[in-house]
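Asker: run.cif is the file, holding mmCIF, C-alpha atoms; chains and numbers go by the auth columns:
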data_target
loop_
_atom_site.group_PDB
_atom_site.id
_atom_site.type_symbol
_atom_site.label_atom_id
_atom_site.label_comp_id
_atom_site.label_asym_id
_atom_site.label_seq_id
_atom_site.Cartn_x
_atom_site.Cartn_y
_atom_site.Cartn_z
_atom_site.B_iso_or_equiv
_atom_site.auth_seq_id
_atom_site.auth_asym_id
ATOM 1 C CA MET A 1 81.579 30.134 153.626 0.00 1483 A
ATOM 2 C CA ALA A 2 79.970 32.771 151.380 0.00 1484 A
ATOM 3 C CA ALA A 3 79.069 31.850 147.823 0.00 1485 A
ATOM 4 C CA LEU A 4 81.916 32.403 145.383 0.00 1486 A
ATOM 5 C CA ASP A 5 81.380 34.078 142.023 0.00 1487 A
ATOM 6 C CA ARG A 6 83.654 33.956 138.987 0.00 1488 A
ATOM 7 C CA HIS A 7 85.662 36.974 140.121 0.00 1489 A
ATOM 8 C CA ASP A 8 86.313 35.414 143.534 0.00 1490 A
ATOM 9 C CA LEU A 9 87.450 32.216 141.843 0.00 1491 A
ATOM 10 C CA TYR A 10 89.704 34.140 139.476 0.00 1492 A
ATOM 11 C CA GLU A 11 91.466 35.877 142.359 0.00 1493 A
ATOM 12 C CA LEU A 12 91.756 32.627 144.290 0.00 1494 A
ATOM 13 C CA CYS A 13 93.039 30.392 141.495 0.00 1495 A
ATOM 14 C CA VAL A 14 94.829 32.694 139.076 0.00 1496 A
ATOM 15 C CA GLN A 15 96.262 35.684 140.903 0.00 1497 A
ATOM 16 C CA THR A 16 98.877 36.178 143.617 0.00 1498 A
ATOM 17 C CA PRO A 17 98.460 39.936 144.065 0.00 1499 A
ATOM 18 C CA GLY A 18 100.674 40.335 147.115 0.00 1500 A
ATOM 19 C CA GLU A 19 103.601 38.622 145.423 0.00 1501 A
ATOM 20 C CA ARG A 20 103.047 40.605 142.247 0.00 1502 A
ATOM 21 C CA ALA A 21 102.946 43.938 144.108 0.00 1503 A
ATOM 22 C CA ASP A 22 106.269 43.107 145.786 0.00 1504 A
ATOM 23 C CA LEU A 23 107.795 42.088 142.464 0.00 1505 A
ATOM 24 C CA LEU A 24 106.684 45.288 140.730 0.00 1506 A
ATOM 25 C CA ALA A 25 108.327 47.360 143.455 0.00 1507 A
ATOM 26 C CA ALA A 26 111.518 45.307 143.127 0.00 1508 A
ATOM 27 C CA ILE A 27 111.619 45.794 139.353 0.00 1509 A
ATOM 28 C CA HIS A 28 111.243 49.547 139.823 0.00 1510 A
ATOM 29 C CA GLY A 29 114.244 49.379 142.104 0.00 1511 A
ATOM 30 C CA ALA A 30 113.737 52.526 144.175 0.00 1512 A
ATOM 31 C CA SER A 31 110.804 53.454 146.422 0.00 1513 A
ATOM 32 C CA PRO A 32 107.755 53.619 144.147 0.00 1514 A
ATOM 33 C CA ARG A 33 104.657 55.088 145.758 0.00 1515 A
ATOM 34 C CA VAL A 34 101.980 55.123 143.071 0.00 1516 A
ATOM 35 C CA LEU A 35 100.865 52.090 141.076 0.00 1517 A
ATOM 36 C CA GLY A 36 98.716 52.349 137.981 0.00 1518 A
ATOM 37 C CA GLU A 37 96.941 49.053 137.337 0.00 1519 A
ATOM 38 C CA ASP A 38 95.509 49.005 133.816 0.00 1520 A
ATOM 39 C CA PHE A 39 92.870 46.425 132.845 0.00 1521 A
ATOM 40 C CA ALA A 40 92.590 46.049 136.605 0.00 1522 A
ATOM 41 C CA GLY A 41 89.519 43.843 136.908 0.00 1523 A
ATOM 42 C CA THR A 42 88.817 43.556 140.633 0.00 1524 A
ATOM 43 C CA ALA A 43 91.919 45.674 141.378 0.00 1525 A
ATOM 44 C CA ALA A 44 93.489 42.871 143.416 0.00 1526 A
ATOM 45 C CA THR A 45 97.044 44.063 142.745 0.00 1527 A
ATOM 46 C CA SER A 46 96.107 47.642 143.614 0.00 1528 A
ATOM 47 C CA ARG A 47 94.598 46.522 146.905 0.00 1529 A
ATOM 48 C CA ALA A 48 97.717 44.520 147.723 0.00 1530 A
ATOM 49 C CA TRP A 49 99.922 47.475 146.780 0.00 1531 A
ATOM 50 C CA VAL A 50 98.361 49.861 149.298 0.00 1532 A
ATOM 51 C CA ARG A 51 98.309 47.202 152.031 0.00 1533 A
ATOM 52 C CA ASP A 52 102.103 47.022 151.960 0.00 1534 A
ATOM 53 C CA ALA A 53 102.772 50.647 152.946 0.00 1535 A
ATOM 54 C CA SER A 54 100.641 53.469 154.318 0.00 1536 A
ATOM 55 C CA ASP A 55 102.128 56.078 151.962 0.00 1537 A
ATOM 56 C CA ARG A 56 101.269 54.162 148.802 0.00 1538 A
ATOM 57 C CA ARG A 57 98.449 54.899 146.362 0.00 1539 A
ATOM 58 C CA ALA A 58 97.023 52.930 143.466 0.00 1540 A
ATOM 59 C CA ILE A 59 94.994 53.877 140.395 0.00 1541 A
ATOM 60 C CA ALA A 60 92.986 50.927 139.084 0.00 1542 A
ATOM 61 C CA VAL A 61 91.488 51.319 135.607 0.00 1543 A
ATOM 62 C CA ASP A 62 88.937 49.014 133.998 0.00 1544 A
ATOM 63 C CA HIS A 63 86.045 49.482 131.576 0.00 1545 A
ATOM 64 C CA ASP A 64 83.696 46.954 133.214 0.00 1546 A
ATOM 65 C CA PRO A 65 81.378 48.529 135.827 0.00 1547 A
ATOM 66 C CA VAL A 66 80.585 45.078 137.213 0.00 1548 A
ATOM 67 C CA VAL A 67 84.102 44.813 138.607 0.00 1549 A
ATOM 68 C CA THR A 68 84.909 48.485 139.200 0.00 1550 A
ATOM 69 C CA ARG A 69 81.846 48.853 141.439 0.00 1551 A
ATOM 70 C CA ARG A 70 82.280 45.510 143.153 0.00 1552 A
ATOM 71 C CA GLY A 71 82.754 45.701 146.904 0.00 1553 A
ATOM 72 C CA GLU A 72 84.294 48.464 148.963 0.00 1554 A
ATOM 73 C CA THR A 73 87.279 50.409 147.684 0.00 1555 A
ATOM 74 C CA PRO A 74 90.017 50.540 150.333 0.00 1556 A
ATOM 75 C CA PRO A 75 91.693 53.818 151.288 0.00 1557 A
ATOM 76 C CA GLY A 76 94.475 54.703 148.902 0.00 1558 A
ATOM 77 C CA VAL A 77 92.905 53.045 145.847 0.00 1559 A
ATOM 78 C CA GLN A 78 91.323 55.218 143.156 0.00 1560 A
ATOM 79 C CA ILE A 79 88.989 53.412 140.761 0.00 1561 A
ATOM 80 C CA VAL A 80 88.774 54.809 137.231 0.00 1562 A
ATOM 81 C CA GLU A 81 86.003 53.359 135.090 0.00 1563 A
ATOM 82 C CA GLY A 82 86.505 53.464 131.342 0.00 1564 A
ATOM 83 C CA ASP A 83 88.974 52.960 128.529 0.00 1565 A
ATOM 84 C CA VAL A 84 92.579 52.995 129.766 0.00 1566 A
ATOM 85 C CA CYS A 85 93.631 55.554 127.153 0.00 1567 A
ATOM 86 C CA ARG A 86 90.583 57.824 127.186 0.00 1568 A
ATOM 87 C CA THR A 87 89.907 58.121 130.910 0.00 1569 A
ATOM 88 C CA THR A 88 93.446 58.589 132.256 0.00 1570 A
ATOM 89 C CA ASP A 89 95.937 61.413 131.828 0.00 1571 A
ATOM 90 C CA ALA A 90 99.326 62.483 133.145 0.00 1572 A
ATOM 91 C CA ALA A 91 97.946 65.327 135.248 0.00 1573 A
ATOM 92 C CA ARG A 92 95.538 63.219 137.315 0.00 1574 A
ATOM 93 C CA HIS A 93 96.888 59.686 137.002 0.00 1575 A
ATOM 94 C CA ALA A 94 100.689 59.869 137.027 0.00 1576 A
ATOM 95 C CA ALA A 95 102.362 56.776 138.471 0.00 1577 A
ATOM 96 C CA ASP A 96 105.740 55.313 139.332 0.00 1578 A
ATOM 97 C CA VAL A 97 104.753 51.869 138.065 0.00 1579 A
ATOM 98 C CA ILE A 98 102.069 51.023 135.511 0.00 1580 A
ATOM 99 C CA TYR A 99 101.123 47.368 135.264 0.00 1581 A
ATOM 100 C CA ALA A 100 99.065 45.583 132.614 0.00 1582 A
ATOM 101 C CA GLY A 101 98.735 42.075 133.986 0.00 1583 A
ATOM 102 C CA ASN A 102 96.972 38.811 133.240 0.00 1584 A
ATOM 103 C CA PHE A 103 98.146 38.991 129.601 0.00 1585 A
ATOM 104 C CA SER A 104 95.952 42.039 129.001 0.00 1586 A
ATOM 105 C CA ILE A 105 98.538 43.599 126.674 0.00 1587 A
ATOM 106 C CA GLY A 106 96.938 41.205 124.179 0.00 1588 A
ATOM 107 C CA GLU A 107 93.812 43.381 124.159 0.00 1589 A
ATOM 108 C CA TRP A 108 95.654 45.483 121.540 0.00 1590 A
ATOM 109 C CA HIS A 109 95.407 43.590 118.267 0.00 1591 A
ATOM 110 C CA THR A 110 97.306 45.938 115.945 0.00 1592 A
ATOM 111 C CA ARG A 111 100.741 47.472 116.290 0.00 1593 A
ATOM 112 C CA SER A 112 99.324 50.960 115.838 0.00 1594 A
ATOM 113 C CA ASP A 113 96.944 50.457 118.768 0.00 1595 A
ATOM 114 C CA LEU A 114 99.741 48.929 120.848 0.00 1596 A
ATOM 115 C CA LEU A 115 101.988 51.904 120.117 0.00 1597 A
ATOM 116 C CA ALA A 116 99.243 54.391 120.977 0.00 1598 A
ATOM 117 C CA TYR A 117 98.728 52.668 124.315 0.00 1599 A
ATOM 118 C CA LEU A 118 102.453 52.527 125.112 0.00 1600 A
ATOM 119 C CA ARG A 119 102.859 56.219 124.289 0.00 1601 A
ATOM 120 C CA HIS A 120 99.944 57.007 126.569 0.00 1602 A
ATOM 121 C CA VAL A 121 101.497 54.932 129.344 0.00 1603 A
ATOM 122 C CA ARG A 122 104.866 56.594 128.792 0.00 1604 A
ATOM 123 C CA GLY A 123 103.216 59.985 129.253 0.00 1605 A
ATOM 124 C CA ARG A 124 101.710 58.950 132.603 0.00 1606 A
ATOM 125 C CA LEU A 125 104.932 57.636 134.105 0.00 1607 A
ATOM 126 C CA ARG A 126 106.955 59.734 136.481 0.00 1608 A
ATOM 127 C CA ARG A 127 110.692 60.163 136.086 0.00 1609 A
ATOM 128 C CA GLY A 128 112.401 56.805 136.490 0.00 1610 A
ATOM 129 C CA GLY A 129 109.080 54.978 136.210 0.00 1611 A
ATOM 130 C CA VAL A 130 108.475 51.551 134.721 0.00 1612 A
ATOM 131 C CA PHE A 131 105.767 49.913 132.661 0.00 1613 A
ATOM 132 C CA VAL A 132 105.385 46.174 133.192 0.00 1614 A
ATOM 133 C CA CYS A 133 103.280 43.679 131.251 0.00 1615 A
ATOM 134 C CA ASP A 134 103.219 39.896 131.296 0.00 1616 A
ATOM 135 C CA VAL A 135 103.249 37.634 128.264 0.00 1617 A
ATOM 136 C CA TYR A 136 103.521 33.924 127.604 0.00 1618 A
ATOM 137 C CA GLY A 137 105.556 32.321 124.850 0.00 1619 A
ATOM 138 C CA GLY A 138 107.861 29.517 123.831 0.00 1620 A
ATOM 139 C CA GLU A 139 107.341 26.255 122.032 0.00 1621 A
ATOM 140 C CA THR A 140 103.795 25.648 123.331 0.00 1622 A
ATOM 141 C CA ALA A 141 102.524 29.201 122.863 0.00 1623 A
ATOM 142 C CA PHE A 142 100.350 28.357 119.860 0.00 1624 A
ATOM 143 C CA LEU A 143 99.291 24.854 120.855 0.00 1625 A
ATOM 144 C CA THR A 144 95.646 24.270 121.694 0.00 1626 A
ATOM 145 C CA GLY A 145 94.534 22.280 124.704 0.00 1627 A
ATOM 146 C CA ALA A 146 93.679 22.597 128.369 0.00 1628 A
ATOM 147 C CA THR A 147 95.358 22.218 131.749 0.00 1629 A
ATOM 148 C CA ASP A 148 93.788 21.780 135.197 0.00 1630 A
ATOM 149 C CA ARG A 149 94.926 22.998 138.587 0.00 1631 A
ATOM 150 C CA ASP A 150 93.274 22.352 141.959 0.00 1632 A
ATOM 151 C CA THR A 151 93.094 24.911 144.767 0.00 1633 A
ATOM 152 C CA PRO A 152 91.808 23.888 148.221 0.00 1634 A
ATOM 153 C CA LEU A 153 89.218 25.977 150.053 0.00 1635 A
ATOM 154 C CA PRO A 154 89.281 26.410 153.860 0.00 1636 A
ATOM 155 C CA ASP A 155 86.136 24.284 154.226 0.00 1637 A
ATOM 156 C CA GLY A 156 87.730 21.282 152.506 0.00 1638 A
ATOM 157 C CA ARG A 157 86.219 21.754 149.066 0.00 1639 A
ATOM 158 C CA ILE A 158 88.378 21.960 145.956 0.00 1640 A
ATOM 159 C CA VAL A 159 88.267 24.501 143.142 0.00 1641 A
ATOM 160 C CA ARG A 160 89.354 22.952 139.870 0.00 1642 A
ATOM 161 C CA TYR A 161 90.552 25.699 137.527 0.00 1643 A
ATOM 162 C CA THR A 162 90.925 24.904 133.826 0.00 1644 A
ATOM 163 C CA TRP A 163 92.922 27.083 131.442 0.00 1645 A
ATOM 164 C CA GLU A 164 92.027 26.350 127.820 0.00 1646 A
ATOM 165 C CA GLN A 165 93.697 27.640 124.699 0.00 1647 A
ATOM 166 C CA ARG A 166 90.814 27.118 122.337 0.00 1648 A
ATOM 167 C CA SER A 167 92.349 28.386 119.134 0.00 1649 A
ATOM 168 C CA ALA A 168 95.698 29.816 118.108 0.00 1650 A
ATOM 169 C CA ASP A 169 97.027 31.110 114.797 0.00 1651 A
ATOM 170 C CA PRO A 170 100.803 31.628 114.665 0.00 1652 A
ATOM 171 C CA ALA A 171 100.433 33.407 111.314 0.00 1653 A
ATOM 172 C CA THR A 172 98.451 36.257 112.885 0.00 1654 A
ATOM 173 C CA GLY A 173 99.242 35.910 116.583 0.00 1655 A
ATOM 174 C CA GLU A 174 95.524 35.656 117.349 0.00 1656 A
ATOM 175 C CA VAL A 175 94.516 33.342 120.205 0.00 1657 A
ATOM 176 C CA VAL A 176 91.277 32.547 122.004 0.00 1658 A
ATOM 177 C CA ASN A 177 91.601 31.458 125.622 0.00 1659 A
ATOM 178 C CA ALA A 178 89.014 30.498 128.203 0.00 1660 A
ATOM 179 C CA MET A 179 88.864 29.854 131.938 0.00 1661 A
ATOM 180 C CA HIS A 180 86.526 27.357 133.549 0.00 1662 A
ATOM 181 C CA PHE A 181 85.925 26.626 137.239 0.00 1663 A
ATOM 182 C CA ARG A 182 84.371 23.731 139.134 0.00 1664 A
ATOM 183 C CA ILE A 183 83.880 23.465 142.874 0.00 1665 A
ATOM 184 C CA LEU A 184 84.158 19.856 144.077 0.00 1666 A
ATOM 185 C CA ARG A 185 83.235 18.537 147.495 0.00 1667 A
ATOM 186 C CA ASP A 186 86.381 16.432 147.757 0.00 1668 A
ATOM 187 C CA GLY A 187 88.127 16.873 144.419 0.00 1669 A
ATOM 188 C CA THR A 188 87.604 13.301 143.240 0.00 1670 A
ATOM 189 C CA ALA A 189 84.413 12.156 141.546 0.00 1671 A
ATOM 190 C CA GLU A 190 82.499 14.063 138.913 0.00 1672 A
ATOM 191 C CA THR A 191 79.305 13.429 140.893 0.00 1673 A
ATOM 192 C CA GLN A 192 80.789 15.540 143.685 0.00 1674 A
ATOM 193 C CA THR A 193 80.651 18.729 141.594 0.00 1675 A
ATOM 194 C CA GLU A 194 78.753 21.511 143.389 0.00 1676 A
ATOM 195 C CA LEU A 195 79.254 24.337 140.907 0.00 1677 A
ATOM 196 C CA THR A 196 80.392 24.505 137.299 0.00 1678 A
ATOM 197 C CA LEU A 197 81.293 27.757 135.538 0.00 1679 A
ATOM 198 C CA THR A 198 82.094 26.980 131.921 0.00 1680 A
ATOM 199 C CA ASP A 199 83.563 29.884 129.953 0.00 1681 A
ATOM 200 C CA ALA A 200 83.717 31.973 133.111 0.00 1682 A
ATOM 201 C CA PHE A 201 86.114 34.192 131.181 0.00 1683 A
ATOM 202 C CA VAL A 202 86.849 34.126 127.448 0.00 1684 A
ATOM 203 C CA TYR A 203 89.620 36.204 125.881 0.00 1685 A
ATOM 204 C CA HIS A 204 90.357 37.096 122.273 0.00 1686 A
ATOM 205 C CA TRP A 205 93.974 38.252 122.302 0.00 1687 A
ATOM 206 C CA ARG A 206 96.853 39.097 120.052 0.00 1688 A
ATOM 207 C CA LEU A 207 99.817 37.175 121.470 0.00 1689 A
ATOM 208 C CA TRP A 208 102.736 39.568 121.184 0.00 1690 A
ATOM 209 C CA GLY A 209 106.296 38.282 121.200 0.00 1691 A
ATOM 210 C CA ILE A 210 108.964 39.627 123.531 0.00 1692 A
ATOM 211 C CA ALA A 211 110.922 41.247 120.704 0.00 1693 A
ATOM 212 C CA GLU A 212 107.771 42.862 119.285 0.00 1694 A
ATOM 213 C CA LEU A 213 106.923 44.381 122.659 0.00 1695 A
ATOM 214 C CA ARG A 214 110.440 45.657 123.287 0.00 1696 A
ATOM 215 C CA ASP A 215 110.619 47.212 119.817 0.00 1697 A
ATOM 216 C CA ALA A 216 107.262 48.922 120.349 0.00 1698 A
ATOM 217 C CA MET A 217 108.333 50.189 123.773 0.00 1699 A
ATOM 218 C CA ALA A 218 111.497 51.690 122.315 0.00 1700 A
ATOM 219 C CA GLU A 219 109.512 53.367 119.537 0.00 1701 A
ATOM 220 C CA ALA A 220 107.043 54.706 122.125 0.00 1702 A
ATOM 221 C CA GLY A 221 109.866 56.507 123.919 0.00 1703 A
ATOM 222 C CA PHE A 222 111.015 54.202 126.688 0.00 1704 A
ATOM 223 C CA SER A 223 114.735 54.650 127.306 0.00 1705 A
ATOM 224 C CA GLN A 224 115.380 51.032 128.326 0.00 1706 A
ATOM 225 C CA THR A 225 113.607 47.706 127.990 0.00 1707 A
ATOM 226 C CA ALA A 226 114.230 44.425 129.762 0.00 1708 A
ATOM 227 C CA VAL A 227 112.732 41.016 130.486 0.00 1709 A
ATOM 228 C CA HIS A 228 112.242 39.610 133.995 0.00 1710 A
ATOM 229 C CA HIS A 229 111.028 36.301 135.302 0.00 1711 A
ATOM 230 C CA ALA A 230 107.398 36.394 136.422 0.00 1712 A
ATOM 231 C CA GLN A 231 108.541 35.178 139.841 0.00 1713 A
ATOM 232 C CA PRO A 232 111.158 36.765 142.135 0.00 1714 A
ATOM 233 C CA ASP A 233 114.760 35.693 141.668 0.00 1715 A
ATOM 234 C CA ALA A 234 115.283 35.720 145.438 0.00 1716 A
ATOM 235 C CA ILE A 235 113.531 36.555 148.699 0.00 1717 A
ATOM 236 C CA ASP A 236 115.651 37.405 151.730 0.00 1718 A
ATOM 237 C CA ASP A 237 115.012 36.498 155.366 0.00 1719 A
ATOM 238 C CA ALA A 238 113.174 39.767 155.924 0.00 1720 A
ATOM 239 C CA GLY A 239 110.830 39.111 153.006 0.00 1721 A
ATOM 240 C CA GLY A 240 112.587 41.486 150.618 0.00 1722 A
ATOM 241 C CA VAL A 241 112.087 40.594 146.957 0.00 1723 A
ATOM 242 C CA TYR A 242 114.800 40.733 144.299 0.00 1724 A
ATOM 243 C CA SER A 243 114.495 40.633 140.524 0.00 1725 A
ATOM 244 C CA ARG A 244 117.097 41.155 137.823 0.00 1726 A
ATOM 245 C CA PRO A 245 116.768 41.342 134.041 0.00 1727 A
ATOM 246 C CA LEU A 246 117.296 38.114 132.138 0.00 1728 A
ATOM 247 C CA ASP A 247 120.664 37.838 130.463 0.00 1729 A
ATOM 248 C CA GLY A 248 120.260 35.852 127.273 0.00 1730 A
ATOM 249 C CA PRO A 249 117.966 33.141 125.882 0.00 1731 A
ATOM 250 C CA ASP A 250 119.406 30.390 128.083 0.00 1732 A
ATOM 251 C CA GLU A 251 117.484 31.870 131.014 0.00 1733 A
ATOM 252 C CA LEU A 252 114.139 31.271 129.308 0.00 1734 A
ATOM 253 C CA ASP A 253 112.372 27.930 129.665 0.00 1735 A
ATOM 254 C CA ASP A 254 111.075 26.150 126.573 0.00 1736 A
ATOM 255 C CA SER A 255 107.643 27.520 127.513 0.00 1737 A
ATOM 256 C CA PHE A 256 107.523 30.601 129.688 0.00 1738 A
ATOM 257 C CA VAL A 257 105.658 33.471 131.277 0.00 1739 A
ATOM 258 C CA VAL A 258 107.766 36.615 131.640 0.00 1740 A
ATOM 259 C CA LEU A 259 107.437 40.291 132.461 0.00 1741 A
ATOM 260 C CA VAL A 260 108.456 42.743 129.745 0.00 1742 A
ATOM 261 C CA VAL A 261 109.578 46.059 131.204 0.00 1743 A
ATOM 262 C CA GLY A 262 109.920 49.536 129.731 0.00 1744 A
ATOM 263 C CA ARG A 263 111.766 52.143 131.792 0.00 1745 A
ATOM 264 C CA THR A 264 111.777 55.934 131.587 0.00 1746 A
ATOM 265 C CA GLU A 265 114.744 58.174 132.306 0.00 1747 A
#
Using structure tokens, write down the structure from this file.
Answerer:
Amino acid sequence: MAALDRHDLYELCVQTPGERADLLAAIHGASPRVLGEDFAGTAATSRAWVRDASDRRAIAVDHDPVVTRRGETPPGVQIVEGDVCRTTDAARHAADVIYAGNFSIGEWHTRSDLLAYLRHVRGRLRRGGVFVCDVYGGETAFLTGATDRDTPLPDGRIVRYTWEQRSADPATGEVVNAMHFRILRDGTAETQTELTLTDAFVYHWRLWGIAELRDAMAEAGFSQTAVHHAQPDAIDDAGGVYSRPLDGPDELDDSFVVLVVGRTE
């Protein structure tokens, strides 16, 4: 098995791009063709999006040349390298769905910057388009600590992924999070560790609340806002995915990850 770098491990342990692509299409509700993936990283969701249908296209935007130039770009995926607001425009990069995943909406630390981004996104969306971002919240949102999750590799090794919230200030909404990875030969003893990547990724985010995001979306010109579970509500026998807006606080867990959605007319 080829050596795995931090981006491979991120895709393996953190992302489910095929499921997310299906869910984004379900939230749109019609037949979206073009996905804009902002803060795209390795463009995993974009690649999954175009795999699902031959008439689909994706526009993956990221400022980091290490990931934008990583590997071959599949047909149907356009890579845009640079700032999501400065390198995209409605004429060249219009989309039916624009997605800012992996909590990247937290890259905007002030409301003015958040509003500027949402207005830019609104301008890129086609009629009936949706903007979707994920966010975590609830009673543990500002607690520090770490959690581990193991993912098996085909050759029998284990990847132990650690999510750490290193610092969190509920007075400002500022959080610092980190991801660490270890590859273990059998997932048991520390002496079995083959590779350790400490601080593989470190993020300095503003943790926006659901209400803050919906208010900002409305001010930016979105005609409707809603909240969806981060997982499908149902999958039919043919593999069709269904998602409906949440109806009240009772549908939120004490700690949650949700998708906040802004829709255009």
Asker: Under the rule that all atoms listed in the file are counted, which of A:Ala1542, A:Ile1509, A:Ala1628, A:Ala1485 is the nearest residue to His1710 of chain A?
Answerer: A:Ile1509
Asker: Give as a list in words the residues that the PyMOL selection byres ((chain A and resi 1683) around 7) matches when applied to the coordinates above.
Answerer: Ala1660, Met1661, Asp1681, Ala1682, Val1684 and Tyr1685 of chain A
Asker: Select, counting all atoms listed in the file, all protein, DNA and RNA residues no farther than 12 Å from (81.4, 51.3, 141.5) in file coordinates, and express the selection as a ChimeraX atom specification.
Answerer: /A:1523-1525,1542-1555,1560-1564
Asker: I'd like the contact shell of segment 1503-1508 of chain A - 8 Å cut-off, only C-alpha atoms, skipping same-chain residues fewer than 3 positions apart - returned as a list in words.
Answerer: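 Residues meeting the cut-off are Pro1499, Gly1500, Gly1511, Ala1512, Ser1513, Pro1514, Thr1527, Ser1528, Ala1530, Trp1531, Val1579, Val1614, Gln1713, Pro1714, Val1723, Tyr1724 and Ser1725 of chain A.
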Asker: Determine the residue membership of the PyMOL selection byres ((chain A and resi 1580-1597) around 7) for the file above and supply it as a ChimeraX atom specification.
Answerer: /A:1517-1521,1577-1579,1598-1601,1612-1617,1687-1690,1698,1702
Asker: For a cutoff of 10 Å around the file-coordinate point (86.8, 21.8, 137.4), which residues qualify once you count only C-alpha atoms? I'd like the result as a PDB file with C-alpha atoms, in the coordinates of the input.
Answerer:
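Once written, selection.pdb looks like this:
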ATOM      1  CA  ASP A1630      93.788  21.780 135.197  1.00  0.00           C
ATOM      2  CA  ARG A1631      94.926  22.998 138.587  1.00  0.00           C
ATOM      3  CA  ASP A1632      93.274  22.352 141.959  1.00  0.00           C
ATOM      4  CA  ILE A1640      88.378  21.960 145.956  1.00  0.00           C
ATOM      5  CA  VAL A1641      88.267  24.501 143.142  1.00  0.00           C
ATOM      6  CA  ARG A1642      89.354  22.952 139.870  1.00  0.00           C
ATOM      7  CA  TYR A1643      90.552  25.699 137.527  1.00  0.00           C
ATOM      8  CA  THR A1644      90.925  24.904 133.826  1.00  0.00           C
ATOM      9  CA  MET A1661      88.864  29.854 131.938  1.00  0.00           C
ATOM     10  CA  HIS A1662      86.526  27.357 133.549  1.00  0.00           C
ATOM     11  CA  PHE A1663      85.925  26.626 137.239  1.00  0.00           C
ATOM     12  CA  ARG A1664      84.371  23.731 139.134  1.00  0.00           C
ATOM     13  CA  ILE A1665      83.880  23.465 142.874  1.00  0.00           C
ATOM     14  CA  LEU A1666      84.158  19.856 144.077  1.00  0.00           C
ATOM     15  CA  GLY A1669      88.127  16.873 144.419  1.00  0.00           C
ATOM     16  CA  GLU A1672      82.499  14.063 138.913  1.00  0.00           C
ATOM     17  CA  THR A1675      80.651  18.729 141.594  1.00  0.00           C
ATOM     18  CA  LEU A1677      79.254  24.337 140.907  1.00  0.00           C
ATOM     19  CA  THR A1678      80.392  24.505 137.299  1.00  0.00           C
ATOM     20  CA  LEU A1679      81.293  27.757 135.538  1.00  0.00           C
ATOM     21  CA  THR A1680      82.094  26.980 131.921  1.00  0.00           C
TER      22      THR A1680
END
Asker: Take the PyMOL selection byres ((chain A and resi 1651) around 12), run it mentally on this structure, and tell me the resulting residues as a compact mmCIF listing (two decimals) with C-alpha atoms, in the coordinates of the input.
Answerer:
# COMPACT_ATOMS: atom_id res chain seq x y z
CA ALA A 1623 102.52 29.20 122.86
CA PHE A 1624 100.35 28.36 119.86
CA LEU A 1625 99.29 24.85 120.86
CA THR A 1626 95.65 24.27 121.69
CA GLN A 1647 93.70 27.64 124.70
CA ARG A 1648 90.81 27.12 122.34
CA SER A 1649 92.35 28.39 119.13
CA ALA A 1650 95.70 29.82 118.11
CA PRO A 1652 100.80 31.63 114.66
CA ALA A 1653 100.43 33.41 111.31
CA THR A 1654 98.45 36.26 112.88
CA GLY A 1655 99.24 35.91 116.58
CA GLU A 1656 95.52 35.66 117.35
CA VAL A 1657 94.52 33.34 120.20
CA VAL A 1658 91.28 32.55 122.00
CA HIS A 1686 90.36 37.10 122.27
CA TRP A 1687 93.97 38.25 122.30
CA ARG A 1688 96.85 39.10 120.05
CA LEU A 1689 99.82 37.17 121.47
Asker: Determine the nearest neighbour of Glu1694 of chain A from the options A:Leu1728, A:Val1742, A:Glu1501, A:Ala1573, counting all atoms listed in the file.
Answerer: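 Nearest to Glu1694 of chain A: A:Val1742.
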Asker: Have a look at A:Leu1491, A:Arg1538, A:Leu1486, A:Val1559 and name the one nearest to Ala1522 of chain A; count all atoms listed in the file.
Answerer: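 Using all atoms listed in the file, the shortest distance to Ala1522 of chain A belongs to A:Val1559.
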Asker: Between atom CA of Asp1571 of chain A and atom CA of His1602 of chain A, what is the distance, to one decimal in Å?
Answerer: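 Atom-to-atom, atom CA of Asp1571 of chain A to atom CA of His1602 of chain A, that is 7.9 Å.
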Asker: Which value, in Å to one decimal, gives the distance between atom CA of Arg1515 of chain A and atom CA of Asp1729 of chain A?
Answerer: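 Between atom CA of Arg1515 of chain A and atom CA of Asp1729 of chain A the gap works out to 28.1 Å.
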Asker: Give me, please, the distance in Å between atom CA of Gly1611 of chain A and atom CA of Arg1539 of chain A, quoted to one decimal.
Answerer: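 Rounded to one decimal, the two atoms are 14.7 Å apart.
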Asker: Around all the atoms of segment 1574-1585 of chain A listed in the file, draw an axis-aligned box and extend it by 8 Å on each of the six sides; I want its centre and edge lengths in Å to one decimal, as lines of an AutoDock Vina configuration file.
Answerer:
center_x = 100.6
center_y = 51.0
center_z = 134.5
size_x = 26.2
size_y = 40.4
size_z = 25.7
Asker: Go through A:Arg1533, A:Arg1639, A:Arg1608, A:Arg1745 one by one, measure the shortest atom-to-atom distance of each to Gln1706 of chain A using all atoms listed in the file, and give the residue with the smallest value.
Answerer: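 Checking each candidate against Gln1706 of chain A, we get A:Arg1745 as the closest.
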Asker: Counting all atoms listed in the file, which residue out of A:His1575, A:Trp1645, A:Thr1629, A:Arg1529 sits closest to Tyr1492 of chain A?
Answerer: A:Trp1645
Asker: With all atoms listed in the file as the basis for distance, which of A:Val1516, A:Val1709, A:Val1603, A:Ile1541 is at the shortest distance from Cys1567 of chain A?
Answerer: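 Checking each of A:Val1516, A:Val1709, A:Val1603, A:Ile1541 against Cys1567 of chain A, counting all atoms listed in the file, the winner is A:Val1603.
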